[in-house]
Each structure stands twice: as structure tokens, then as C-alpha cells.
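Engineer: One structure coming up, written as C-alpha cells, with questions to follow.
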Amino acid sequence: MSSKELSDLSVERKECPKCGAIWINGEHYWSGTGKKGNELDLAGLVCNKLGDETCINPCNGMDGGVTWEKRLTELENDHPSN
Ligand SMILES: [Zn+2]
């Protein structure tokens with residue numbers, strides 16, 4: 001593989017100024033882990049609480065993703081404290 005071919009690939013990288021989430025070629029990745037994310041989960045976890053008009057998450061303001069409440073409930077179910 002030649003490096004010239006690689007450099008011809010255009011990578012579009014966007015970062016949300018509000019929540020720091022990253023989009024690479026239109027795919028959302030979590031800023032902390034670099035793992036592929038889910039825009040709706042991001043909205044539920046971050047953008048719906050912290051986001052404002054500067055948030056670039058297309059799902060900002062939408063319901064339906066994972067929320068902390070849901071996540072905490074799942075954690076409690078997985079690890080019951082007795
Ligand atoms: Zn955002």
C-alpha cells in the first residue's frame with residue numbers, strides 16, 4: 001500500500017464543541033474511548049442535558065437513546081446491592 005493512496009483518502013472529522021463527541025466521515029465516535037457510538041445514546045446521555053444550539057449531534061433533543069437513569073437501573077439489576 002502506498003502512502004500516496006492513503007493521503008488521497010479524505011477524512012472529514014467534526015467535533016462537537018459542546019459535548020466533545022467526534023464524527024469521522026459522518027460516523028459518531030465517543031470522545032473518551034474512540035469507540036463507535038450511537039447518536040441517540042449520545043443525545044440521551046449528554047446532549048439533551050448539556051447541549052444547546054452549538055451541539056452538532058443530529059439527534060440532540062431527541063428521546064429514545066440510553067439515559068443515565070436507564071443505565072443506572074441496568075447496573076443495579078446486574079449487580080444487586082443486598
Ligand atoms: Zn453535542
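Starting from 1 in every chain, residues are counted up; chains themselves are A, B, ... following the order of the C-alpha cells, and ligands are numbered from 1 as listed.
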Counting only C-alpha atoms and all ligand atoms, which residues of chain A fall within 9 Å of ligand 1, and what is the closest atom pair for each with its distance in Å at one decimal, ordered by chain and rising number, as JSON lines?

Structural biologist:
```
{"residue": "A:Glu15", "atom": "CA", "partner": "ligand 1", "partner_atom_place_in_ligand_line": "1 (Zn)", "distance": 8.3}
{"residue": "A:Cys16", "atom": "CA", "partner": "ligand 1", "partner_atom_place_in_ligand_line": "1 (Zn)", "distance": 5.0}
{"residue": "A:Pro17", "atom": "CA", "partner": "ligand 1", "partner_atom_place_in_ligand_line": "1 (Zn)", "distance": 6.9}
{"residue": "A:Lys18", "atom": "CA", "partner": "ligand 1", "partner_atom_place_in_ligand_line": "1 (Zn)", "distance": 5.0}
{"residue": "A:Cys19", "atom": "CA", "partner": "ligand 1", "partner_atom_place_in_ligand_line": "1 (Zn)", "distance": 4.3}
{"residue": "A:Gly20", "atom": "CA", "partner": "ligand 1", "partner_atom_place_in_ligand_line": "1 (Zn)", "distance": 6.5}
{"residue": "A:Ala21", "atom": "CA", "partner": "ligand 1", "partner_atom_place_in_ligand_line": "1 (Zn)", "distance": 6.2}
{"residue": "A:Ile22", "atom": "CA", "partner": "ligand 1", "partner_atom_place_in_ligand_line": "1 (Zn)", "distance": 8.9}
{"residue": "A:Leu42", "atom": "CA", "partner": "ligand 1", "partner_atom_place_in_ligand_line": "1 (Zn)", "distance": 7.6}
{"residue": "A:Ala43", "atom": "CA", "partner": "ligand 1", "partner_atom_place_in_ligand_line": "1 (Zn)", "distance": 7.3}
{"residue": "A:Val46", "atom": "CA", "partner": "ligand 1", "partner_atom_place_in_ligand_line": "1 (Zn)", "distance": 7.0}
{"residue": "A:Cys47", "atom": "CA", "partner": "ligand 1", "partner_atom_place_in_ligand_line": "1 (Zn)", "distance": 4.9}
{"residue": "A:Asn48", "atom": "CA", "partner": "ligand 1", "partner_atom_place_in_ligand_line": "1 (Zn)", "distance": 8.4}
{"residue": "A:Leu50", "atom": "CA", "partner": "ligand 1", "partner_atom_place_in_ligand_line": "1 (Zn)", "distance": 7.7}
{"residue": "A:Gly51", "atom": "CA", "partner": "ligand 1", "partner_atom_place_in_ligand_line": "1 (Zn)", "distance": 5.5}
{"residue": "A:Asp52", "atom": "CA", "partner": "ligand 1", "partner_atom_place_in_ligand_line": "1 (Zn)", "distance": 7.9}
{"residue": "A:Thr54", "atom": "CA", "partner": "ligand 1", "partner_atom_place_in_ligand_line": "1 (Zn)", "distance": 7.5}
{"residue": "A:Cys55", "atom": "CA", "partner": "ligand 1", "partner_atom_place_in_ligand_line": "1 (Zn)", "distance": 4.0}
{"residue": "A:Ile56", "atom": "CA", "partner": "ligand 1", "partner_atom_place_in_ligand_line": "1 (Zn)", "distance": 5.3}
{"residue": "A:Asn57", "atom": "CA", "partner": "ligand 1", "partner_atom_place_in_ligand_line": "1 (Zn)", "distance": 4.9}
{"residue": "A:Pro58", "atom": "CA", "partner": "ligand 1", "partner_atom_place_in_ligand_line": "1 (Zn)", "distance": 8.5}
{"residue": "A:Cys59", "atom": "CA", "partner": "ligand 1", "partner_atom_place_in_ligand_line": "1 (Zn)", "distance": 8.8}
{"residue": "A:Asn60", "atom": "CA", "partner": "ligand 1", "partner_atom_place_in_ligand_line": "1 (Zn)", "distance": 6.8}
```

Engineer: Leaving out region 25-35 of chain A and any residue of its chain fewer than 5 positions from it, which residues lie within 8 Å of it when counting only C-alpha atoms, given as a PyMOL selection string?

Structural biologist: chain A and resi 11-13+20

Engineer: Would you pick out the contacts of Asp41 (chain A) at 9 Å or less, using only C-alpha atoms, so that residues sharing its chain but fewer than 2 positions from it are not included, and give the list as a PDB file with C-alpha atoms, in the first residue's frame?

Structural biologist:
```
ATOM      1  CA  GLY A  37     -21.017   5.480  19.289  1.00  0.00           C
ATOM      2  CA  ASN A  38     -24.694   5.991  18.825  1.00  0.00           C
ATOM      3  CA  GLU A  39     -26.025   9.477  18.210  1.00  0.00           C
ATOM      4  CA  ALA A  43     -28.202  12.657  22.970  1.00  0.00           C
ATOM      5  CA  GLY A  44     -29.763  10.846  25.919  1.00  0.00           C
ATOM      6  CA  LEU A  45     -26.529  10.742  27.919  1.00  0.00           C
ATOM      7  CA  VAL A  46     -25.007  14.099  27.117  1.00  0.00           C
ATOM      8  CA  CYS A  59     -30.046  13.658  17.487  1.00  0.00           C
ATOM      9  CA  ASP A  63     -35.657  10.956  23.090  1.00  0.00           C
ATOM     10  CA  GLY A  64     -35.156   7.225  22.841  1.00  0.00           C
ATOM     11  CA  GLY A  65     -31.483   6.634  23.495  1.00  0.00           C
ATOM     12  CA  VAL A  66     -29.835   5.327  26.597  1.00  0.00           C
ATOM     13  CA  THR A  67     -30.095   7.628  29.577  1.00  0.00           C
TER      14      THR A  67
END
```
